[in-house]
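Colleague: Pasting a structure below so you can have a look.
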Amino acid sequence: MIRNLFEKRISRRTTLASLAAGTAALSWSDVAFAATDAPFRHGVASGDPDTTSVVLWTRVTASGDVTLVGEVAHDPDFTAITASAQLPTGPDRDHTIKWLAHGLEAGQTYYYRFRLDAAVSPTGRARTLPSGKLDRLGIALASCSNFAFGYFNAYEAIARDAAVDFVLHTGDYIYEYGHDGWGDEVARDLGRRHDPAHEIVSLSDYRRRHAQYRTDAGAQAMHAAHTFMACWDDHESANNPWTGGAQNHQAGSEGDWQARREASVQAYFEWMPVREPEWLDRQASTRMQFWRSYSFGDLATLTTLETRHTARAEQVDYAPLMAQTGDAEAIARFRRDVLGAPGRRMISPECEADLTRSLEQSVAAGQPWRLIGNAIPIARTDVPDLVALGVLPDPDAPGAPFAGAALGNAKVLAAKGRAGLPFYPDTWDGYPWARERLYDLARKAGAEDLIFLTGDSHSFWANSLKDAAGRPVGVELGTAGVTSPGDFVESGFGDALSKALDKAFADHVPEVVWTDNMHQGYVRLDLGREAAEATFIAIDTIISRNFRPFIVNRVGIGRVAGTVGFI
C-alpha cells in the first residue's frame, strides 16, 4: 500500500534523521570543497560506469593547450595511487577532460582527483558496477534542473544521502532559455540569470550554459559524491525537439536545426561524464545514439532510452481540435488517425534492439528487477472532466476565479478534460503506437515487470502501467524537478486548486495511483531482493541555500501476479 508520510504529518525532524545520516559518511567532501583551487572551479564528476571502468571528468580554467595529471586511489588521502594518467586538453574541447579509468575492480569505491601544476582539484568519489550477488541497491532519480528558478539543493541532498549508490538523471540537465525566457523573473531576484543572456544556439553558447550550471554548489557536491548515469531530454538542445526540428527553434532567426542540435550534443559530451561512442561495446554507435545498459550484479539491470534525436516523429498539435472538444466522433477520429497513427516512432530500431537484448539477458540471468531510464512520462494521463467533477471552476462561467495567463491555462485544461485528451502530446501519450510497440517488445523478451524511472513533468508520480489490452506491464516512478515548478502551480492556479487537481488525477485517472506537483526534489529507489521502496524526497526551499529535505511519500513495490506493482 502507499504510505503518505506527508499527509500523516510525520515530523520533519524524524524525516530528516534518515537523510542526515549521509553527512558523516561524506565528511571528506566537505573538506574537499572548502579550498577549491581556481583552475578547477567547475568541480569533478564520475559517470557511465561498468564493472572495471568509469568515466572521470573535470574542466580546467586555462588558456591554450595544457596537460593534467589524473589520479585514482582506494582512499581519500591518496596514500596508494592505483591508477594515473597524463591528460591533455585545450580549447578544442573547451578545456574539459574525460578520462576512462580502467583496470578497476567490480563493486568498489574509488577516489580521484586532477592536478595542473601545483593546483589540485576537489576530490571525487566513484563506484564501479557490482558483479555477482547483490542484496541491495540505492538509485537517486533526478530531472529538470533549471538554474534560473533556484539553487540545486536537491543535488546537495542527494550528495548527503547515504542510501544512494548511483544517480540517474533523466534529462533537462540544462535549459536553453535566455533572459526573455522561462524563469527569468525569479532569476533576477536570486542573481541566477542565464548566461549567455540570449537563448543558446551555437557551440559557444551551449558550452557557456553548461559552465554556468556547473558553478552551482549542489551540482558540484552531487557529482563529486556519486557516480552519474544519464539520458537526455529536450532542453539540453531546445524545447520539444523531434528528428526534423523543435518547438523552440525558429530557422529564420536561429539558423539550421541540425547545426544547432549537433552543437548541443557536442557540448553535452564535453561537459558530462559519459562515454564516447568508441568506448562502448557496440557497433556503429554515434553520439546521437545515447542509450545505455547497466547491470548491477544479480539484482537489476537499468536500460536508458533515447527519445529525442534518433527516431521521434513530430509532436501532434491539439490546437485544431480545441474547437471540437464536444464532438465525440471528431475526438475519436483524432485519437485513432492522428495520435494513434502507425509508424509514429519514439525510439529507433537500434535502440529497440539493444533494449530487447538487455531485457532478455536480465530475464535469463534471473535478476528480479528491470529498470527503464525514461525521459518523459509513459503512463496514460487522459485528463478527466475536471469541470464536471467540480474540481476546476468553469473558466467560461461568470465570476470564474481566473485572470491573465491562469485564465488561458484553465480554459485549455478544461477543454482537454471535456474531450478526455491526454495531458500532453509530447509525452508517450502522444505516441500510443510507439508505447504499445515498447510494451510488446518487453513482453516478448519475458519482461512484463518493468520499473520506469521518469523525469520531465516536474511532478512526483506513482503510476501503475497497463497496455492497450489492459495487461499490467509494471510501474512508473516520476520525479519532481530539481528546481522546475509543477505545471498546476506554474499555471497560476494557487496551492489549494493545485492540490485538488493532483487528487483528481489520482482519483480519476486509472493509471495514476498518486501524484504531487507541489514540490521540488528527487526520488530514491531502494531495491532489495524480494521488494523495493521508492521514497519521494522534497526540498523545503530552492530560493535559499539554507534548506531542509523531507519525505513527501513512500511506496512499496513487489511482485504482484507475475508483474511488479505497488504493495
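Within each chain, counting starts at residue 1; across the C-alpha cells, chains are named A, B, ... in the order shown, with ligands numbered 1 upward in that order.
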Would you write out, as a Markdown table, a table of all residues in range 317-359 of chain A that have an atom no more than 10 Å from an atom of range 437-442 of chain A, listing for each the closest atom pair and the distance in Å to one decimal, considering only C-alpha atoms and ordering rows by chain and rising residue number?

Modeller:
```
| residue | atom | partner | partner_atom | distance |
| --- | --- | --- | --- | --- |
| A:Gly343 | CA | A:Arg437 | CA | 9.9 |
| A:Arg345 | CA | A:Arg437 | CA | 9.2 |
| A:Met346 | CA | A:Leu438 | CA | 9.4 |
| A:Ile347 | CA | A:Leu438 | CA | 8.8 |
| A:Glu352 | CA | A:Leu438 | CA | 7.8 |
| A:Ala353 | CA | A:Leu441 | CA | 9.2 |
| A:Leu355 | CA | A:Ala442 | CA | 8.4 |
| A:Thr356 | CA | A:Leu441 | CA | 6.7 |
| A:Leu359 | CA | A:Ala442 | CA | 7.1 |
```

Colleague: With only C-alpha atoms as the counted atoms, please give the residues lying no more than 12 Å from Ala118 in chain A, apart from itself and same-chain residues fewer than 3 positions off, as a VMD selection string.

Modeller: chain A and resid 37 to 40 68 to 69 114 to 115 121

Colleague: Between A:Val555, A:Ala434, A:Ala73, A:Val412, which has the minimum distance to Thr515 in chain A (counting only C-alpha atoms)?

Modeller: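 The answer is A:Val555, which sits nearest to Thr515 in chain A.
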
Colleague: Can you list, as a ChimeraX atom specification, every protein, DNA or RNA residue that comes within 12 Å of Asp189 in chain A when you count only C-alpha atoms, leaving out same-chain residues fewer than 6 positions away?

Modeller: /A:148-150,183,543-544

Colleague: Hey, which bits of range 273-335 of chain A sit within 8 Å of range 373-395 of chain A, and for each residue what's the closest pair of atoms and how far apart in Å (one decimal), counting only C-alpha atoms, rows by chain and increasing number, as a tab-separated table?

Modeller:
```
residue	atom	partner	partner_atom	distance
A:Leu302	CA	A:Gly373	CA	6.8
A:Thr303	CA	A:Gly373	CA	5.9
A:Thr304	CA	A:Gly373	CA	4.2
A:Leu305	CA	A:Asn374	CA	5.9
A:Thr307	CA	A:Ala375	CA	7.3
```

Colleague: Using the chain letters and numbers from this document, which residues of range 326-489 of chain A does DSSP assign to strand (DSSP E), as a list in words?

Modeller: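 Result set for range 326-489 of chain A (strand (DSSP E)): Trp369, Arg370, Leu371, Ile372, Gly373, Asn374, Leu450, Ile451, Phe452, Leu453, Thr454, Phe460, Trp461, Ala462, Asn463, Ser464, Leu465, Lys466, Pro472, Val473, Gly474, Val475, Glu476, Leu477 and Gly478 of chain A.
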
Colleague: According to DSSP computed on the backbone, where in range 436-560 of chain A is there alpha helix (DSSP H)? Give the residues as a list in words.

Modeller: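 Output for range 436-560 of chain A, alpha helix (DSSP H) only: Glu436, Arg437, Leu438, Tyr439, Asp440, Leu441, Ala442, Arg443, Lys444, Asp487, Phe488, Val489, Glu490, Gly494, Asp495, Ala496, Leu497, Ser498, Lys499, Ala500, Leu501, Asp502, Lys503, Ala504, Phe505, Ala506, Asp507 and His508 of chain A.
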
Colleague: Can you tell me how far CA of Leu525 in chain A sits from CA of Ala140 in chain A, in Å to one decimal?

Modeller: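 If I compute the distance from CA of Leu525 in chain A to CA of Ala140 in chain A, I get 6.4 Å.
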
Colleague: Residues at most 10 Å from Lys503 in chain A, counting only C-alpha atoms, excluding those fewer than 4 positions away in the same chain, as an MDAnalysis selection string?

Modeller: chainID A and resid 391 497:499 507:509 512:516

Colleague: Mind writing the picked residues with N, CA and C atoms as an mmCIF file, in the first residue's frame?

Modeller:
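Saved the output as result_3.cif:
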```cif
data_model
loop_
_atom_site.group_PDB
_atom_site.id
_atom_site.type_symbol
_atom_site.label_atom_id
_atom_site.label_comp_id
_atom_site.auth_asym_id
_atom_site.auth_seq_id
_atom_site.Cartn_x
_atom_site.Cartn_y
_atom_site.Cartn_z
ATOM 1 N N VAL A 391 -14.030 20.053 -9.689
ATOM 2 C CA VAL A 391 -12.672 20.325 -9.195
ATOM 3 C C VAL A 391 -12.148 21.640 -9.760
ATOM 4 N N LEU A 497 -6.074 24.827 -5.309
ATOM 5 C CA LEU A 497 -6.565 24.203 -6.534
ATOM 6 C C LEU A 497 -5.534 23.212 -7.081
ATOM 7 N N SER A 498 -4.248 23.541 -6.982
ATOM 8 C CA SER A 498 -3.208 22.630 -7.470
ATOM 9 C C SER A 498 -3.264 21.303 -6.732
ATOM 10 N N LYS A 499 -3.435 21.353 -5.415
ATOM 11 C CA LYS A 499 -3.548 20.121 -4.640
ATOM 12 C C LYS A 499 -4.813 19.350 -5.026
ATOM 13 N N ASP A 507 -7.491 10.176 -8.315
ATOM 14 C CA ASP A 507 -8.804 9.559 -8.113
ATOM 15 C C ASP A 507 -9.471 9.129 -9.410
ATOM 16 N N HIS A 508 -9.185 9.815 -10.510
ATOM 17 C CA HIS A 508 -9.979 9.616 -11.714
ATOM 18 C C HIS A 508 -9.186 9.203 -12.954
ATOM 19 N N VAL A 509 -7.865 9.128 -12.871
ATOM 20 C CA VAL A 509 -7.052 8.624 -13.985
ATOM 21 C C VAL A 509 -6.583 7.232 -13.597
ATOM 22 N N VAL A 512 -2.872 6.443 -12.656
ATOM 23 C CA VAL A 512 -2.228 7.289 -11.652
ATOM 24 C C VAL A 512 -2.668 6.851 -10.266
ATOM 25 N N VAL A 513 -1.720 6.386 -9.472
ATOM 26 C CA VAL A 513 -2.007 5.971 -8.102
ATOM 27 C C VAL A 513 -1.846 7.140 -7.149
ATOM 28 N N TRP A 514 -0.817 7.946 -7.374
ATOM 29 C CA TRP A 514 -0.559 9.124 -6.530
ATOM 30 C C TRP A 514 0.305 10.094 -7.311
ATOM 31 N N THR A 515 0.090 11.387 -7.104
ATOM 32 C CA THR A 515 0.914 12.401 -7.745
ATOM 33 C C THR A 515 0.966 13.651 -6.887
ATOM 34 N N ASP A 516 2.012 14.445 -7.084
ATOM 35 C CA ASP A 516 2.217 15.679 -6.323
ATOM 36 C C ASP A 516 3.033 16.634 -7.188
#
```

Colleague: Identify, on the basis of only C-alpha atoms, every residue whose closest approach to Ala419 in chain A does not exceed 7 Å; exclude the query and any residue fewer than 5 positions from it along the same chain; express the result as a ChimeraX atom specification.

Modeller: /A:325-326,331
